[in-house]
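Visitor: File follows, entry.txt with compact mmCIF, C-alpha atoms:
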# COMPACT_ATOMS: atom_id res chain seq x y z
CA MET A 1 103.20 -41.76 -125.96
CA HIS A 2 104.68 -41.34 -129.40
CA GLU A 3 104.81 -45.06 -130.07
CA LEU A 4 102.12 -44.79 -132.73
CA SER A 5 104.16 -42.36 -134.83
CA VAL A 6 107.20 -44.61 -134.36
CA CYS A 7 105.10 -47.57 -135.56
CA GLN A 8 103.80 -45.68 -138.56
CA GLY A 9 107.40 -44.94 -139.53
CA LEU A 10 108.25 -48.60 -138.97
CA ILE A 11 105.42 -49.76 -141.24
CA ARG A 12 106.59 -47.40 -143.98
CA GLN A 13 110.14 -48.75 -143.66
CA VAL A 14 108.84 -52.34 -143.73
CA GLN A 15 106.69 -51.67 -146.78
CA ARG A 16 109.60 -50.16 -148.65
CA ILE A 17 111.87 -53.11 -147.90
CA ALA A 18 109.09 -55.57 -148.71
CA GLU A 19 108.57 -53.90 -152.09
CA GLU A 20 112.31 -53.96 -152.81
CA ASN A 21 112.23 -57.70 -152.18
CA GLU A 22 109.03 -58.23 -154.17
CA ALA A 23 107.33 -59.58 -151.05
CA THR A 24 103.63 -60.29 -150.90
CA ALA A 25 103.42 -60.34 -147.12
CA VAL A 26 105.45 -59.85 -143.96
CA ASP A 27 105.54 -62.73 -141.47
CA ARG A 28 107.76 -61.37 -138.74
CA ILE A 29 109.39 -58.08 -137.74
CA LEU A 30 112.31 -58.17 -135.31
CA LEU A 31 113.23 -55.00 -133.39
CA ARG A 32 115.78 -54.16 -130.76
CA VAL A 33 114.63 -51.51 -128.27
CA GLY A 34 117.00 -50.30 -125.59
CA GLY A 35 115.98 -48.96 -122.17
CA LEU A 36 117.20 -45.47 -123.04
CA SER A 37 115.56 -45.34 -126.46
CA GLY A 38 112.53 -43.40 -125.23
CA VAL A 39 110.19 -46.09 -126.52
CA GLU A 40 108.18 -48.53 -124.38
CA PRO A 41 107.92 -52.03 -125.90
CA PRO A 42 104.40 -52.81 -124.59
CA LEU A 43 103.12 -49.51 -126.00
CA LEU A 44 104.88 -50.23 -129.26
CA MET A 45 103.21 -53.66 -129.47
CA HIS A 46 99.86 -52.04 -128.86
CA ALA A 47 100.42 -49.29 -131.44
CA PHE A 48 101.59 -51.91 -133.94
CA GLU A 49 98.16 -53.58 -133.86
CA ILE A 50 96.75 -50.34 -135.22
CA ALA A 51 99.53 -49.24 -137.54
CA ARG A 52 99.77 -52.58 -139.40
CA MET A 53 96.12 -52.71 -140.50
CA GLY A 54 95.58 -52.78 -144.24
CA THR A 55 99.29 -53.15 -144.99
CA LEU A 56 101.63 -55.94 -146.10
CA ALA A 57 102.40 -56.43 -142.42
CA GLU A 58 98.78 -56.97 -141.44
CA ASN A 59 99.44 -60.46 -140.09
CA ALA A 60 103.03 -59.98 -139.12
CA GLU A 61 104.29 -60.96 -135.71
CA LEU A 62 106.23 -58.17 -133.96
CA GLU A 63 109.11 -59.40 -131.84
CA ILE A 64 111.04 -57.00 -129.65
CA GLU A 65 114.46 -57.71 -128.16
CA GLU A 66 114.98 -55.63 -125.05
CA GLY A 67 118.58 -55.26 -124.05
CA PRO A 68 120.22 -53.96 -120.88
CA VAL A 69 121.78 -50.53 -120.45
CA VAL A 70 125.55 -50.97 -120.45
CA VAL A 71 128.11 -48.27 -119.69
CA LYS A 72 131.87 -48.26 -120.19
CA CYS A 73 133.75 -46.21 -117.67
CA GLN A 74 136.07 -43.46 -118.91
CA GLU A 75 138.11 -43.75 -115.71
CA CYS A 76 138.60 -47.46 -115.00
CA GLY A 77 137.53 -48.90 -118.37
CA GLY A 78 135.06 -51.33 -116.81
CA SER A 79 131.76 -52.20 -118.50
CA SER A 80 128.71 -52.70 -116.33
CA VAL A 81 124.96 -53.15 -116.61
CA VAL A 82 123.25 -50.24 -114.91
CA PRO A 83 119.76 -48.87 -114.17
CA VAL A 84 118.37 -46.56 -116.81
CA ASN A 85 118.50 -43.46 -114.59
CA ARG A 86 121.72 -44.10 -112.72
CA LEU A 87 124.47 -44.48 -115.27
CA LEU A 88 127.38 -44.80 -112.85
CA CYS A 89 130.24 -47.24 -113.26
CA SER A 90 129.50 -50.22 -111.02
CA TYR A 91 133.21 -50.63 -110.24
CA CYS A 92 134.36 -47.15 -109.30
CA GLY A 93 131.17 -45.08 -109.10
CA GLU A 94 132.33 -42.65 -111.79
CA TRP A 95 129.66 -40.73 -113.76
CA LYS A 96 131.93 -40.09 -116.74
CA VAL A 97 130.89 -43.13 -118.72
CA ASN A 98 129.90 -43.90 -122.30
CA VAL A 99 126.65 -45.71 -122.93
CA THR A 100 127.57 -48.63 -125.16
CA GLU A 101 124.20 -50.38 -125.14
CA GLY A 102 120.69 -49.25 -124.36
CA GLU A 103 119.95 -46.38 -126.72
CA GLU A 104 119.15 -48.46 -129.76
CA LEU A 105 115.83 -48.37 -131.59
CA LEU A 106 116.50 -50.73 -134.47
CA LEU A 107 114.68 -52.68 -137.10
CA LEU A 108 116.89 -55.78 -137.11
CA SER A 109 115.27 -58.05 -139.67
CA LEU A 110 112.14 -59.02 -141.56
CA ASP A 111 110.74 -62.43 -142.50
CA LEU A 112 109.00 -62.00 -145.81
CA GLN A 113 106.77 -64.04 -148.08
CA THR A 114 107.68 -63.75 -151.72
CA VAL A 115 106.37 -65.42 -154.85
CA ALA A 116 108.35 -68.63 -155.49
CA GLN A 117 110.71 -68.30 -158.46
CA ASP A 118 109.36 -71.39 -160.22
CA SER A 119 105.84 -70.08 -160.04
CA LYS A 120 106.85 -67.18 -162.25
CA THR A 121 107.22 -69.60 -165.12
CA ASP A 122 104.01 -71.35 -164.14
CA LYS A 123 105.78 -74.54 -163.17
CA PRO A 124 104.96 -75.92 -159.72
CA LYS A 125 108.01 -76.15 -157.42
CA GLU A 126 109.33 -79.67 -156.68
CA GLN A 127 108.05 -80.70 -153.22
CA MET B 1 91.14 -63.15 -151.97
CA CYS B 2 93.77 -60.58 -151.13
CA ASP B 3 97.34 -60.14 -152.21
CA THR B 4 98.62 -58.29 -149.21
CA CYS B 5 98.19 -60.48 -146.14
CA GLY B 6 98.74 -63.96 -147.50
CA CYS B 7 95.16 -65.11 -146.93
CA ASN B 8 95.23 -66.36 -150.49
CA VAL B 9 97.85 -68.96 -149.54
CA THR B 10 96.20 -72.38 -149.37
CA LYS B 11 97.44 -75.99 -149.34
CA GLY B 12 96.93 -75.96 -153.06
CA ASN B 13 99.18 -73.03 -153.77
CA ALA B 14 101.54 -73.00 -150.75
CA HIS B 15 104.34 -74.28 -152.94
CA LEU B 16 104.18 -70.99 -154.78
CA VAL B 17 105.23 -69.01 -151.71
CA ASP B 18 108.86 -68.53 -150.74
CA LYS B 19 110.03 -67.36 -147.37
CA LYS B 20 112.85 -64.89 -147.18
CA SER B 21 114.66 -63.37 -144.22
CA VAL B 22 116.09 -59.89 -144.75
CA GLU B 23 118.58 -58.32 -142.38
CA VAL B 24 117.85 -54.60 -142.09
CA LEU B 25 119.74 -53.02 -139.14
CA GLN B 26 118.11 -49.64 -139.61
CA ASN B 27 117.12 -47.07 -137.03
CA LEU B 28 113.34 -46.89 -136.56
CA LEU B 29 113.46 -43.13 -136.65
CA HIS B 30 115.37 -43.28 -139.93
CA GLU B 31 112.77 -41.23 -141.81
CA ASN B 32 112.74 -38.50 -139.20
CA ASP B 33 116.54 -38.53 -139.02
CA HIS B 34 116.77 -38.16 -142.79
CA ALA B 35 114.47 -35.13 -142.68
CA ALA B 36 116.46 -33.80 -139.72
CA GLU B 37 119.74 -34.00 -141.65
CA HIS B 38 118.09 -32.06 -144.46
CA ASN B 39 117.06 -29.36 -141.96
CA ARG B 40 120.54 -29.32 -140.45
CA GLU B 41 122.12 -28.75 -143.87
CA HIS B 42 119.64 -25.93 -144.47
CA PHE B 43 120.57 -24.28 -141.16
CA GLY B 44 124.26 -24.75 -141.94
CA ARG B 45 123.97 -23.07 -145.32
CA HIS B 46 122.35 -20.05 -143.70
CA GLY B 47 124.70 -20.00 -140.71
CA VAL B 48 121.81 -20.36 -138.26
CA LEU B 49 122.22 -21.90 -134.80
CA ALA B 50 119.10 -23.95 -134.10
CA VAL B 51 118.25 -24.81 -130.50
CA ASN B 52 115.44 -27.06 -129.28
CA LEU B 53 113.81 -25.80 -126.08
CA MET B 54 112.12 -28.54 -124.08
CA SER B 55 110.49 -28.79 -120.68
CA SER B 56 107.23 -29.57 -118.89
CA PRO B 57 104.35 -27.24 -119.75
CA GLY B 58 104.75 -24.01 -117.79
CA SER B 59 108.45 -24.18 -116.95
CA GLY B 60 109.09 -20.84 -118.58
CA LYS B 61 110.31 -21.54 -122.13
CA THR B 62 108.42 -18.68 -123.75
CA SER B 63 109.31 -16.27 -120.96
CA LEU B 64 112.96 -17.22 -121.35
CA LEU B 65 112.74 -16.51 -125.08
CA GLU B 66 111.14 -13.13 -124.40
CA ALA B 67 113.89 -12.23 -121.93
CA THR B 68 116.56 -13.44 -124.37
CA ILE B 69 115.12 -11.40 -127.21
CA ASP B 70 114.95 -8.31 -124.98
CA ALA B 71 118.57 -8.66 -123.88
CA LEU B 72 120.27 -9.93 -127.06
CA GLY B 73 117.98 -8.61 -129.78
CA ASP B 74 120.39 -5.83 -130.81
CA GLU B 75 123.39 -8.14 -130.83
CA LEU B 76 122.01 -11.30 -132.40
CA SER B 77 119.16 -11.78 -134.84
CA ILE B 78 116.62 -14.28 -133.46
CA ALA B 79 113.71 -16.13 -135.04
CA VAL B 80 111.36 -18.56 -133.33
CA ILE B 81 109.33 -21.63 -134.21
CA GLU B 82 106.67 -22.35 -131.61
CA GLY B 83 105.12 -25.77 -131.06
CA ASP B 84 101.81 -26.27 -129.23
CA LEU B 85 98.83 -28.55 -129.62
CA GLU B 86 96.55 -25.55 -130.04
CA THR B 87 96.57 -21.72 -130.14
CA GLU B 88 98.96 -19.15 -131.55
CA ASN B 89 99.42 -17.58 -128.12
CA ASP B 90 103.15 -18.23 -127.84
CA ALA B 91 103.97 -17.10 -131.38
CA ASN B 92 101.97 -13.93 -130.71
CA ARG B 93 103.99 -13.22 -127.59
CA ILE B 94 107.20 -13.52 -129.59
CA ARG B 95 105.92 -11.38 -132.46
CA ALA B 96 105.00 -8.70 -129.92
CA ARG B 97 108.74 -8.47 -129.25
CA GLY B 98 109.36 -7.69 -132.92
CA VAL B 99 110.79 -11.08 -133.75
CA PRO B 100 109.52 -13.37 -136.54
CA ALA B 101 107.70 -16.42 -135.22
CA VAL B 102 105.97 -19.33 -136.93
CA GLN B 103 103.49 -21.37 -134.89
CA ILE B 104 103.14 -25.11 -135.44
CA THR B 105 99.86 -26.40 -134.03
CA THR B 106 100.22 -30.13 -133.78
CA GLY B 107 96.62 -30.99 -132.96
CA GLN B 108 97.26 -34.06 -130.85
CA ALA B 109 100.90 -34.79 -131.57
CA CYS B 110 102.83 -34.53 -128.31
CA HIS B 111 106.15 -33.57 -129.87
CA LEU B 112 107.62 -31.78 -132.85
CA ASP B 113 109.39 -33.78 -135.52
CA ALA B 114 111.72 -32.90 -138.37
CA HIS B 115 108.96 -32.88 -140.99
CA MET B 116 106.91 -30.36 -139.05
CA VAL B 117 109.93 -28.10 -138.66
CA HIS B 118 110.74 -28.47 -142.35
CA ASP B 119 107.22 -27.32 -143.25
CA ALA B 120 107.42 -24.40 -140.82
CA LEU B 121 110.67 -23.26 -142.43
CA HIS B 122 108.75 -22.64 -145.68
CA ASP B 123 107.14 -19.70 -143.87
CA MET B 124 110.39 -18.32 -142.55
CA GLU B 125 113.20 -16.27 -144.05
CA LEU B 126 116.49 -17.50 -142.54
CA ASP B 127 118.84 -15.03 -144.25
CA GLY B 128 120.44 -12.83 -141.62
CA ILE B 129 119.17 -14.93 -138.72
CA ASP B 130 121.75 -15.93 -136.09
CA ILE B 131 119.63 -18.08 -133.77
CA LEU B 132 116.49 -20.09 -134.48
CA SER B 133 114.84 -21.12 -131.22
CA ILE B 134 112.45 -24.01 -131.62
CA GLU B 135 110.16 -24.12 -128.61
CA ASN B 136 108.93 -27.70 -128.44
CA VAL B 137 105.59 -28.91 -127.08
CA GLY B 138 105.61 -28.84 -123.27
CA ASN B 139 106.37 -32.47 -122.50
CA LEU B 140 109.26 -34.17 -120.68
CA VAL B 141 108.70 -37.52 -122.39
CA CYS B 142 108.55 -37.58 -126.19
CA PRO B 143 110.34 -34.53 -127.65
CA ALA B 144 113.80 -35.78 -126.67
CA SER B 145 113.48 -38.69 -129.09
CA PHE B 146 113.04 -36.59 -132.21
CA ASP B 147 115.95 -34.93 -133.95
CA LEU B 148 114.67 -31.75 -135.59
CA GLY B 149 117.89 -31.03 -137.43
CA HIS B 150 118.91 -28.69 -134.62
CA HIS B 151 122.32 -28.21 -133.00
CA ALA B 152 121.64 -28.29 -129.29
CA ASN B 153 119.02 -29.37 -126.74
CA VAL B 154 118.09 -26.85 -124.05
CA THR B 155 116.06 -28.40 -121.25
CA LEU B 156 114.32 -26.31 -118.60
CA LEU B 157 113.34 -27.58 -115.17
CA SER B 158 111.59 -25.09 -112.93
CA VAL B 159 112.22 -25.12 -109.19
CA THR B 160 108.54 -25.84 -108.52
CA GLU B 161 108.83 -29.20 -110.24
CA GLY B 162 110.93 -31.39 -107.99
CA ASP B 163 114.70 -31.81 -107.97
CA ASP B 164 114.46 -35.52 -108.85
CA LYS B 165 112.89 -34.93 -112.26
CA PRO B 166 116.14 -35.80 -114.09
CA ALA B 167 116.00 -39.27 -112.50
CA LYS B 168 112.34 -39.63 -113.47
CA TYR B 169 112.86 -38.56 -117.07
CA PRO B 170 116.28 -39.96 -117.93
CA VAL B 171 115.92 -39.87 -121.73
CA MET B 172 115.09 -36.16 -121.72
CA PHE B 173 117.76 -35.06 -119.25
CA ARG B 174 120.41 -37.28 -120.76
CA ALA B 175 119.82 -35.50 -124.07
CA ALA B 176 120.26 -32.00 -122.66
CA ASP B 177 123.25 -29.94 -123.79
CA VAL B 178 122.38 -27.44 -121.07
CA VAL B 179 119.91 -27.68 -118.18
CA LEU B 180 118.28 -24.46 -116.99
CA LEU B 181 116.78 -24.51 -113.49
CA SER B 182 114.20 -21.80 -114.12
CA LYS B 183 112.16 -19.58 -111.77
CA SER B 184 115.09 -19.72 -109.34
CA ASP B 185 113.84 -16.51 -107.70
CA LEU B 186 111.25 -18.75 -106.02
CA LEU B 187 113.98 -20.63 -104.14
CA ASP B 188 113.65 -17.84 -101.55
CA VAL B 189 110.22 -19.18 -100.61
CA LEU B 190 110.67 -22.88 -101.36
CA ASP B 191 112.39 -25.31 -99.02
CA ASP B 192 112.07 -28.48 -101.07
CA PHE B 193 114.15 -27.94 -104.19
CA ASP B 194 117.84 -28.68 -103.84
CA THR B 195 119.69 -27.43 -106.91
CA GLU B 196 122.72 -29.57 -106.07
CA LYS B 197 120.54 -32.69 -106.03
CA ALA B 198 119.13 -31.80 -109.43
CA ARG B 199 122.68 -31.26 -110.72
CA ARG B 200 123.78 -34.62 -109.29
CA HIS B 201 120.87 -36.42 -110.93
CA VAL B 202 121.92 -34.96 -114.26
CA ARG B 203 125.51 -36.17 -113.67
CA GLU B 204 124.17 -39.63 -112.86
CA LEU B 205 122.86 -39.72 -116.40
CA ALA B 206 126.49 -39.47 -117.54
CA ASN B 207 125.70 -35.96 -118.72
CA PRO B 208 128.37 -33.28 -118.23
CA ALA B 209 126.01 -30.49 -119.43
CA PRO B 210 126.14 -27.22 -117.49
CA VAL B 211 123.25 -26.85 -115.02
CA MET B 212 122.34 -23.19 -114.48
CA ASN B 213 120.09 -21.58 -111.87
CA LEU B 214 118.29 -18.66 -113.47
CA SER B 215 115.24 -16.46 -113.35
CA VAL B 216 113.79 -14.09 -115.92
CA ARG B 217 112.92 -11.85 -112.97
CA ARG B 218 116.63 -11.56 -112.10
CA PRO B 219 118.37 -10.34 -115.28
CA ASP B 220 121.87 -10.89 -113.83
CA SER B 221 121.18 -14.61 -113.52
CA LEU B 222 120.63 -14.83 -117.27
CA ASP B 223 124.20 -13.85 -118.19
CA GLN B 224 125.46 -17.45 -117.98
CA TRP B 225 122.70 -18.52 -120.42
CA PHE B 226 123.56 -15.67 -122.81
CA SER B 227 127.25 -16.66 -122.66
CA TRP B 228 126.36 -20.23 -123.47
CA LEU B 229 124.33 -19.07 -126.50
CA ARG B 230 127.11 -16.79 -127.73
CA GLU B 231 129.62 -19.65 -127.43
CA ARG B 232 127.38 -21.93 -129.50
CA VAL B 233 126.92 -19.25 -132.17
CA ALA B 234 130.71 -18.84 -132.29
CA GLU B 235 131.22 -22.62 -132.55
CA LEU B 236 128.87 -22.80 -135.49
CA SER B 237 130.55 -19.84 -137.21
CA ALA B 238 133.90 -21.53 -136.74
CA GLY B 239 132.55 -24.40 -138.79
CA GLU B 240 132.30 -26.96 -136.01
CA ALA B 241 129.93 -29.82 -136.75
CA MET B 242 127.23 -29.54 -134.11
CA LYS B 243 124.60 -32.09 -133.21
CA PRO B 244 122.45 -32.44 -130.10
CA ARG B 245 123.91 -34.57 -127.33
CA VAL B 246 122.33 -37.95 -127.88
CA GLN B 247 122.41 -39.12 -131.45
CA PRO B 248 121.02 -42.23 -133.09
CA GLU B 249 124.39 -43.33 -134.47
CA GLY B 250 125.16 -44.45 -130.97
CA ALA B 251 122.54 -47.08 -131.58
CA SER B 252 124.32 -48.63 -134.52
CA LEU B 253 127.58 -49.23 -132.70
CA HIS B 254 126.69 -52.39 -130.88
CA LEU B 255 124.97 -55.01 -132.90
CA GLY B 256 125.61 -58.69 -132.66
CA SER B 257 125.81 -59.06 -128.89
Can you turn what I pasted into C-alpha cells?
Guide:
Amino acid sequence: MHELSVCQGLIRQVQRIAEENEATAVDRILLRVGGLSGVEPPLLMHAFEIARMGTLAENAELEIEEGPVVVKCQECGGSSVVPVNRLLCSYCGEWKVNVTEGEELLLLSLDLQTVAQDSKTDKPKEQ
Amino acid sequence: MCDTCGCNVTKGNAHLVDKKSVEVLQNLLHENDHAAEHNREHFGRHGVLAVNLMSSPGSGKTSLLEATIDALGDELSIAVIEGDLETENDANRIRARGVPAVQITTGQACHLDAHMVHDALHDMELDGIDILSIENVGNLVCPASFDLGHHANVTLLSVTEGDDKPAKYPVMFRAADVVLLSKSDLLDVLDDFDTEKARRHVRELANPAPVMNLSVRRPDSLDQWFSWLRERVAELSAGEAMKPRVQPEGASLHLGS
C-alpha cells in the first residue's frame, strides 16, 4: 500500500546517484526485496511506472531480486529457509532464531548512461 | 529532443554515450531512516521516550492513551502526536485530558513517516516531557515499515479481531516490542479468541516481546503496561541506546549470497 512512497524515495535516491555520476539516463535499477521487508514486488513494479515519469529513470527497467527468508537458530545453530509468518528453526522447532535474510529492502545497483569522455573534447570515440 | 530519457541517442551519436554500472547497496528507506535518526537525536537530547502505537483502526489506541494519562499523568509528563487521515478528533480527546497533542492529518497517506513527525515536532515543546506517544494511523500493514525516530513499537490487537492476526500480519507483529491484547474484558462474552494462540503466533515470528491481556475498563489489568512504560523510561534515562525491534541495519548484513 505504501509502495508508491517507497518508489518516490527510490527515484530521489536514483536521481542523486545519477547526478553524482553525471548520468544522462538510467537504463536499469536492481533491487533486492525480502519477504519480511513489508514491500510487495508486484506493487512496487506498478508504482514504479508512475514514480519514474518525467525523471532520468523514465525508461529504466526495474529488476527485483526476491530472496527467501532464512533464520539461524540460537539453540542448534542451524540455518533454514522458512515461511514468512512461521520463523521456527526447521531442525529443532525453536522460535528463538535470528533472521539472517528476508528483511532487506535494498537498492543494489544502477546501470547508467553517461556522456562518453571523448565526446567532451568533441572527438568521436574510436569504434 | 530530450536530455533526460536518452531519446536523443541515435545511430549517429550512439558513440557519444557511455554505459556505467554503479554499485549502490543502500536501503530504499534511507531518506526516511536519515530523518528518523535526526528525530531520535532530538528525543535523546530532551530525554524523551518516544513510543509508536500501532494497530487496526478501532483497537483502542486512543482509549489506552487516555487511561494512561489518567493513571500516570501526575508521575510522568506525557505528550501525544496523533496520526489520522482526517479529523482532529483524537488530538481533541487527548487535549481534553490536559495533555499537549499535535494532530497530523495525512490526507491519503496510510502511515506516518519520519518527516511528518519532524514537522509535527515544530509545534511541540519537548522540554520537561517524559513520554511522547505517537499514535500511528490505524493500519496493520504499512506503519511497521517506517522508523519515526522512536524507541519502541507498541502494537495493539483487540480480542474482537482474531487470534491469528500475528500470523496474517507478520511484518507488523515481528516489529512489536510489546503486544497489547486490548478490550480483554470482552473475553467474558467471546468464545473465539484464544490469548495463548495469539501469544504463540507472536513467538513464531521469533519475537520474544511481552504479550499482555488488558482492558481500559479494568484498571488493574493496566499495571503491567504501566510497568513496561516505566522500565523503558528508566532505560532511556540510564543512557541505553534504544531502537524499535526491527531495524534496517539487519538488511545490510547479508549481501553477496
Visitor: Quick one: pull the distance between CA of Ile29 in chain A and CA of Ile64 in chain A, Å, one decimal.
Guide: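 Those two atoms sit 8.3 Å apart.
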Visitor: Could you list, with a cut-off of 6 Å and counting all atoms listed in the file, the residues of chain B near chain A, each shown with its nearest atom pair and the distance in Å rounded to one decimal, rows sorted by chain and ascending number, as a tab-separated table?
Guide:
residue	atom	partner	partner_atom	distance
B:Thr4	CA	A:Leu56	CA	4.9
B:Cys5	CA	A:Ala25	CA	5.3
B:Gly6	CA	A:Ala25	CA	5.9
B:Leu16	CA	A:Ala116	CA	4.8
B:Val17	CA	A:Val115	CA	4.9
B:Asp18	CA	A:Ala116	CA	4.8
B:Lys19	CA	A:Gln113	CA	4.7
B:Lys20	CA	A:Leu112	CA	5.0
B:Ser21	CA	A:Asp111	CA	4.4
B:Val22	CA	A:Leu110	CA	5.2
B:Glu23	CA	A:Ser109	CA	4.3
B:Val24	CA	A:Ser109	CA	4.9
B:Leu25	CA	A:Leu108	CA	4.5
B:Gln26	CA	A:Leu107	CA	5.2
B:Asn27	CA	A:Leu106	CA	4.5
B:Leu28	CA	A:Leu106	CA	5.4
B:Ala167	CA	A:Asn85	CA	5.3
B:Pro170	CA	A:Asn85	CA	5.3
B:Val171	CA	A:Leu36	CA	5.9
B:Glu204	CA	A:Arg86	CA	5.1
B:Leu205	CA	A:Leu87	CA	5.2
B:Ala206	CA	A:Trp95	CA	5.1
B:Ala251	CA	A:Glu104	CA	4.1
Visitor: Report, in Å with one decimal, the straight-line distance from CA of Glu240 in chain B to CA of Leu65 in chain B.
Guide: 24.7 Å
Visitor: If you count only C-alpha atoms, which residues fall within 10 Å of Gly128 in chain B, apart from same-chain ones fewer than 2 positions away, as a VMD selection string?
Guide: chain B and resid 46 to 48 76 to 79 125 to 126 130 to 131
Visitor: What does the structure give for the distance between CA of Leu53 in chain B and CA of Thr155 in chain B, in Å to one decimal?
Guide: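 Straight-line distance from CA of Leu53 in chain B to CA of Thr155 in chain B works out to 5.9 Å.
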Visitor: Please write as number ranges by chain the list of polymer residues whose atoms come within 10 Å of (120.4, -33.5, -141.1), counting all atoms listed in the file and keeping to the coordinates of the file.
Guide: B: 32-44, 114, 147-151, 243
